[in-house]
Amino acid sequence: MANIVGMLRWVVSGVASHTWTLLVASLLLYVVWWVQHRRRQHSVFSKLGIPYITPHLIYGSNHVMRKPGALATDIIGQWIQEYGKVFGFYVGWKPTLVVADLDLIKQVLIKDFHNFSNRPALVVRAHPVVDTVVGLRDQRWKDVRAILAPTFSMVKMKHMAGIMNEKIDELNAIIGKKSATGKPVELYSTFQGLTLDVISECALAMKTNIQRDQDKDEFFVGVKGFLKNAINPAILLALYFPVFASVMSYVSNKLALSGRMTNMVVNHLKSVIEVRRKDLDTKYVDVLQLMLEAAESRQDTSAEGAATNGASTPLPGKERSQHKLLTDDEIIANAWVFLLGGFETTANTLTYTTYLIATHPEVQERLYEELCDVIKGDPDHLTYEQVKELKYLDQVLSESLRLYPPVVTFISRESAQDFKLGDMVIPKDMSIMVPIWQLHRDPEQWTDPETFDPHRFSSDTKAAEARHPMAYIPFGAGPRNCPGMRFAQLEAKLTLARILKSYRLETCESTPKQLTFIIPTVAINPKEGVYVKAVPREPTPKLS
């Protein structure tokens with residue numbers, strides 16, 4: 001009996017030993033295969049004859065772009081100096097072609113847009129972003145963009161000015177309290193409160209008072225936290241190992257909007273849409289209502305239209321409808337993405353422009369003179385028409401957007417097919433990035449590019465210099481440019497005009513000598529607080 005037990009133990013130990021040997025051998029073979037596969041993925045640019053940054057086996061060059069203390073804009077600038085205006089780098093396994101040549105950029109964004117209509121595919125295809133103008137692709141993107149375009153028309157923006165003015169009233173009151181106590185105003189946090197208040201009411205039909213007590217406002221904290229953690233270890237893992245991208249997409253969608261802020265917004269929008277569809281007599285003026293109206297006014301009530309049941313594709317056996325509705329998911333998703341797109345970027349723009357105005361008193365004085373010439377009525381309620389008359393303010397804002405564009409790593413496209421771009425034949429699915437920071441500071445296009453000079457955007461200068469149209473694209477270019485451009489510009493101009501009409505902005509001990517930045521996602525944010533002092537101006541007598 002003892003001999004039998006011993007033999008069984010010997011057999012079991014032998015099988016276990018062979019099993020472990022097999023597992024280790026399989027693992028080693030997989031590692032060898034994976035390394036060879038990744039090296040093949042990293043051979044794209046060498047085969048194309050395009051200069052490129054030598055990639056790390058796992059990270060590509062992403063660890064260089066995002067290393068602590070580094071700015072992606074600086075890194076890209078260094079690569080352009082070293083490799084030229086067209087070069088490649090890898091994010092994990094995926095190749096990205098950087099194109100700083102203006103003629104090639106025009107080809108990608110405008111001339112051959114039919115091949116470059118999509119943004120690069122999302123790493124994690126999570127809701128609600130997949131249903132937004134950022135995440136949608138091909139024909140469905142065209143359909144949704146066409147429906148959304150009238151939402152930001154000039155006529156619609158006139159109605160939005162009223163909401164903006166109400167929120168700016170609160171902003172000026174906050175600045176007034178700081179001014180009365182002699183305290184400086186921290187611009188970035190102050191403007192974050194304003195822009196989130198504005199976009200919440202204009203896009204989400206959400207009444208907020210974020211400016212009054214930001215730190216205790218759950219929604220404000222949630223939005224900031226979402227943006228701060230948008231690039232997290234899970235996303236990076238998906239960038240480096242595609243299999244995790246599929247897993248993350250599945251988990252994210254099965255958990256159904258597990259993010260607290262996203263869940264809060266989506267549930268709120270669902271309830272508002274339900275109420276508004278029942279209450280047809282009340283007239284609402286906001287982006288959400290405009291999307292609802294735009295979607296429903298395009299409904300095809302014919303048999304062809306009914307065949308789609310509001311879906312993005314026709315039902316089997318039925319002819320395709322020519323008019324397409326936005327689904328409720330798409331309405332909610334695009335309201336959500338307008339929130340993210342209109343909060344941080346506009347706060348950044350207002351911060352940098354106000355800082356430039358405060359540090360250039362001669363520019364501020366000319367702005368104030370223009371305001372006094374244009375604003376003859378109530379100085380506390382500017383109209384859309386009055387803002388359009390502020391030509392010098394437009395120059396100042398344009399120059400600020402040149403120096404500090406709202407997003408710096410977001411303008412990117414994907415090739416739909418193998419395609420000839422200049423002298424290169426780039427493969428299908430190649431990602432192309434436009435380095436907007438470098439375009440706006442290119443000494444070949446801009447004299448003294450680091451200098452703040454609003455005169456660059458005067459009508460006389462623009463006519464005389466005949467600058468390349470792709471040298472200045474703060475909101476992108478072509479059919480896939482920023483749909484909220486008019487909204488952002490109106491909000492920024494209204495805010496700046498109202499502040500400057502009431503206060504003279506001065507530097508103080510806390511004002512930074514030079515701005516410093518971080519790039520947590522795609523926008524370039526202030527790294528430190530940006531402080532200025534606001535001194536009340538003598539009130540302008542109102543005309544009777």
# chains A, B, ... in the order shown; residues from 1 in each chain; ligands from 1

call {"tool": "residues_around", "arguments": {"residues": "range 285-291 of chain A", "least_positions_apart": "2", "cutoff": "6 Å", "atoms": "only C-alpha atoms", "output": "ChimeraX atom specification"}}
result
/A:151,202-203,293-295

call {"tool": "select_by_dssp", "arguments": {"residues": "range 122-359 of chain A", "states": "alpha helix (DSSP H)", "output": "ChimeraX atom specification"}}
result
/A:138-148,154-180,187-204,218-228,233-240,242-254,260-278,287-297,303-306,328-358

call {"tool": "residues_around", "arguments": {"residues": "range 432-448 of chain A", "least_positions_apart": "4", "cutoff": "9 Å", "atoms": "only C-alpha atoms", "output": "CSV table (one decimal) with C-alpha atoms, in the first residue's frame"}}
result
chain,number,residue,atom,x,y,z
A,73,THR,CA,4.0,71.5,-26.1
A,76,ILE,CA,6.7,68.6,-29.5
A,77,GLY,CA,8.6,71.8,-30.1
A,80,ILE,CA,10.1,69.7,-34.5
A,95,PRO,CA,1.6,55.6,-34.6
A,96,THR,CA,0.8,59.3,-34.7
A,97,LEU,CA,2.1,61.6,-37.5
A,98,VAL,CA,2.8,65.2,-36.4
A,99,VAL,CA,2.2,67.6,-39.3
A,100,ALA,CA,3.4,71.2,-38.8
A,101,ASP,CA,3.6,72.0,-42.6
A,102,LEU,CA,0.8,74.5,-43.2
A,105,ILE,CA,-2.5,70.8,-42.6
A,108,VAL,CA,-5.9,67.3,-44.0
A,119,ARG,CA,-11.0,62.0,-35.3
A,120,PRO,CA,-8.8,59.1,-34.1
A,401,LEU,CA,-5.9,82.9,-28.5
A,402,ARG,CA,-2.8,82.9,-30.7
A,403,LEU,CA,-0.5,82.9,-27.7
A,404,TYR,CA,-2.6,80.6,-25.6
A,405,PRO,CA,-5.0,78.5,-27.8
A,407,VAL,CA,-6.6,73.2,-26.6
A,408,VAL,CA,-3.1,72.2,-27.7
A,409,THR,CA,-3.2,68.4,-28.4
A,410,PHE,CA,-6.8,68.0,-29.6
A,411,ILE,CA,-6.7,68.9,-33.3
A,412,SER,CA,-6.2,65.4,-34.8
A,413,ARG,CA,-7.6,63.4,-37.6
A,414,GLU,CA,-7.5,59.8,-38.9
A,415,SER,CA,-7.0,58.7,-42.4
A,452,PHE,CA,1.6,90.2,-27.2
A,456,ARG,CA,-1.5,91.7,-35.7
A,467,ARG,CA,-0.8,85.1,-43.7
A,468,HIS,CA,-1.4,81.4,-44.4
A,470,MET,CA,-3.6,77.6,-41.3
A,471,ALA,CA,-1.2,79.7,-39.3
A,472,TYR,CA,-4.0,80.7,-36.9
A,473,ILE,CA,-6.6,78.0,-36.0
A,474,PRO,CA,-7.5,78.3,-32.3
A,476,GLY,CA,-9.6,74.1,-35.5

call {"tool": "closest_residue", "arguments": {"among": "A:Ala534, A:Ile50, A:Leu390, A:Val272", "to": "Lys85 in chain A", "atoms": "only C-alpha atoms"}}
result
A:Ile50

call {"tool": "residues_around", "arguments": {"residues": "Val130 in chain A", "least_positions_apart": "2", "cutoff": "12 Å", "atoms": "only C-alpha atoms", "output": "list in words"}}
result
Arg119, Ala121, Leu122, Val123, Val124, Arg125, Ala126, His127, Pro128, Thr132, Val133, Val134, Gly135, Leu136, Arg137, Arg140, Trp141, Ser249, Ser252, Asn253, Asp329, Glu330, Ile332, Ala333, Asn334, Trp336 and Val337 of chain A

call {"tool": "residues_around", "arguments": {"residues": "Leu421 in chain A", "least_positions_apart": "4", "cutoff": "8 Å", "atoms": "only C-alpha atoms", "output": "list in words"}}
result
Leu104, Gln107, Val425 and Ile426 of chain A

call {"tool": "write_last_selection", "arguments": {"atoms": "all heavy atoms", "output": "PDB file, in the first residue's frame"}}
result
ATOM      1  N   LEU A 104       0.160  71.032 -45.856  1.00  0.00           N
ATOM      2  CA  LEU A 104      -0.332  69.682 -45.560  1.00  0.00           C
ATOM      3  C   LEU A 104      -1.478  69.726 -44.559  1.00  0.00           C
ATOM      4  O   LEU A 104      -2.424  68.940 -44.648  1.00  0.00           O
ATOM      5  CB  LEU A 104       0.803  68.815 -45.024  1.00  0.00           C
ATOM      6  CG  LEU A 104       1.954  68.507 -45.991  1.00  0.00           C
ATOM      7  CD1 LEU A 104       2.964  67.583 -45.335  1.00  0.00           C
ATOM      8  CD2 LEU A 104       1.431  67.885 -47.289  1.00  0.00           C
ATOM      9  N   GLN A 107      -4.520  70.507 -46.380  1.00  0.00           N
ATOM     10  CA  GLN A 107      -4.972  69.323 -47.111  1.00  0.00           C
ATOM     11  C   GLN A 107      -5.755  68.395 -46.193  1.00  0.00           C
ATOM     12  O   GLN A 107      -6.809  67.875 -46.571  1.00  0.00           O
ATOM     13  CB  GLN A 107      -3.767  68.587 -47.707  1.00  0.00           C
ATOM     14  CG  GLN A 107      -4.153  67.404 -48.596  1.00  0.00           C
ATOM     15  CD  GLN A 107      -2.941  66.700 -49.186  1.00  0.00           C
ATOM     16  OE1 GLN A 107      -1.814  67.188 -49.105  1.00  0.00           O
ATOM     17  NE2 GLN A 107      -3.165  65.530 -49.777  1.00  0.00           N
ATOM     18  N   VAL A 425       2.803  58.440 -48.731  1.00  0.00           N
ATOM     19  CA  VAL A 425       1.594  57.624 -48.788  1.00  0.00           C
ATOM     20  C   VAL A 425       1.386  57.065 -47.389  1.00  0.00           C
ATOM     21  O   VAL A 425       2.124  56.188 -46.941  1.00  0.00           O
ATOM     22  CB  VAL A 425       1.709  56.489 -49.819  1.00  0.00           C
ATOM     23  CG1 VAL A 425       0.442  55.625 -49.772  1.00  0.00           C
ATOM     24  CG2 VAL A 425       1.899  57.045 -51.216  1.00  0.00           C
ATOM     25  N   ILE A 426       0.408  57.618 -46.688  1.00  0.00           N
ATOM     26  CA  ILE A 426       0.186  57.207 -45.306  1.00  0.00           C
ATOM     27  C   ILE A 426      -0.877  56.115 -45.269  1.00  0.00           C
ATOM     28  O   ILE A 426      -1.799  56.104 -46.082  1.00  0.00           O
ATOM     29  CB  ILE A 426      -0.222  58.396 -44.415  1.00  0.00           C
ATOM     30  CG1 ILE A 426      -1.531  59.020 -44.907  1.00  0.00           C
ATOM     31  CG2 ILE A 426       0.881  59.435 -44.360  1.00  0.00           C
ATOM     32  CD1 ILE A 426      -2.089  60.052 -43.974  1.00  0.00           C
TER      33      ILE A 426
END

call {"tool": "atom_distance", "arguments": {"atom1": "CA of Leu340 in chain A", "atom2": "CA of Ile273 in chain A"}}
result
19.8 Å

call {"tool": "closest_residue", "arguments": {"among": "A:Phe45, A:Phe152, A:Pro512, A:Pro520", "to": "Gly225 in chain A", "atoms": "only C-alpha atoms"}}
result
A:Pro520

call {"tool": "residues_around", "arguments": {"residues": "Ile499 in chain A", "least_positions_apart": "4", "cutoff": "8 Å", "atoms": "only C-alpha atoms", "output": "MDAnalysis selection string"}}
result
chainID A and resid 172 495 503

call {"tool": "residues_around", "arguments": {"residues": "range 526-530 of chain A", "least_positions_apart": "3", "cutoff": "12 Å", "atoms": "only C-alpha atoms", "output": "compact mmCIF listing (two decimals) with C-alpha atoms, in the first residue's frame"}}
result
# COMPACT_ATOMS: atom_id res chain seq x y z
CA GLY A 69 7.33 68.46 -14.91
CA ALA A 70 7.29 68.26 -18.72
CA LEU A 71 4.89 70.06 -21.05
CA PRO A 184 -6.43 90.54 -5.35
CA VAL A 185 -8.63 88.35 -7.55
CA GLU A 186 -7.42 84.86 -8.44
CA LEU A 187 -8.50 84.77 -12.05
CA TYR A 188 -8.56 81.08 -12.91
CA SER A 189 -10.77 79.82 -10.08
CA THR A 190 -13.00 82.88 -10.42
CA PHE A 191 -13.53 82.31 -14.13
CA GLN A 192 -14.04 78.59 -13.60
CA GLU A 344 -12.26 74.68 -18.79
CA THR A 345 -11.28 76.10 -22.18
CA ALA A 347 -11.97 79.77 -18.17
CA ASN A 348 -8.43 79.40 -19.50
CA THR A 349 -9.01 81.93 -22.27
CA LEU A 350 -10.49 84.49 -19.86
CA THR A 351 -7.62 83.96 -17.40
CA TYR A 352 -4.87 84.46 -19.97
CA THR A 353 -6.57 87.39 -21.72
CA THR A 354 -7.25 89.20 -18.44
CA TYR A 355 -3.65 88.64 -17.36
CA LEU A 356 -2.38 90.07 -20.67
CA ALA A 358 -3.54 93.77 -16.75
CA THR A 359 0.14 93.52 -17.70
CA TYR A 404 -2.65 80.57 -25.57
CA PRO A 406 -7.81 76.74 -25.83
CA THR A 507 -0.71 93.95 -11.32
CA CYS A 508 0.17 93.35 -7.67
CA GLU A 509 2.77 91.46 -5.64
CA SER A 510 0.97 88.17 -6.30
CA THR A 511 0.79 88.65 -10.08
CA PRO A 512 3.15 86.14 -11.73
CA LYS A 513 5.99 87.64 -13.75
CA GLN A 514 5.53 84.82 -16.21
CA LEU A 515 2.73 82.31 -16.65
CA THR A 516 3.42 78.63 -15.98
CA PHE A 517 1.31 75.75 -17.26
CA ILE A 518 0.18 72.15 -16.95
CA ILE A 519 -1.58 70.01 -19.57
CA PRO A 520 -3.63 67.37 -17.70
CA ALA A 523 -6.13 72.00 -22.58
CA LYS A 533 -5.96 93.72 -8.49

call {"tool": "atom_distance", "arguments": {"atom1": "CA of Leu339 in chain A", "atom2": "CA of Ile199 in chain A"}}
result
5.8 Å
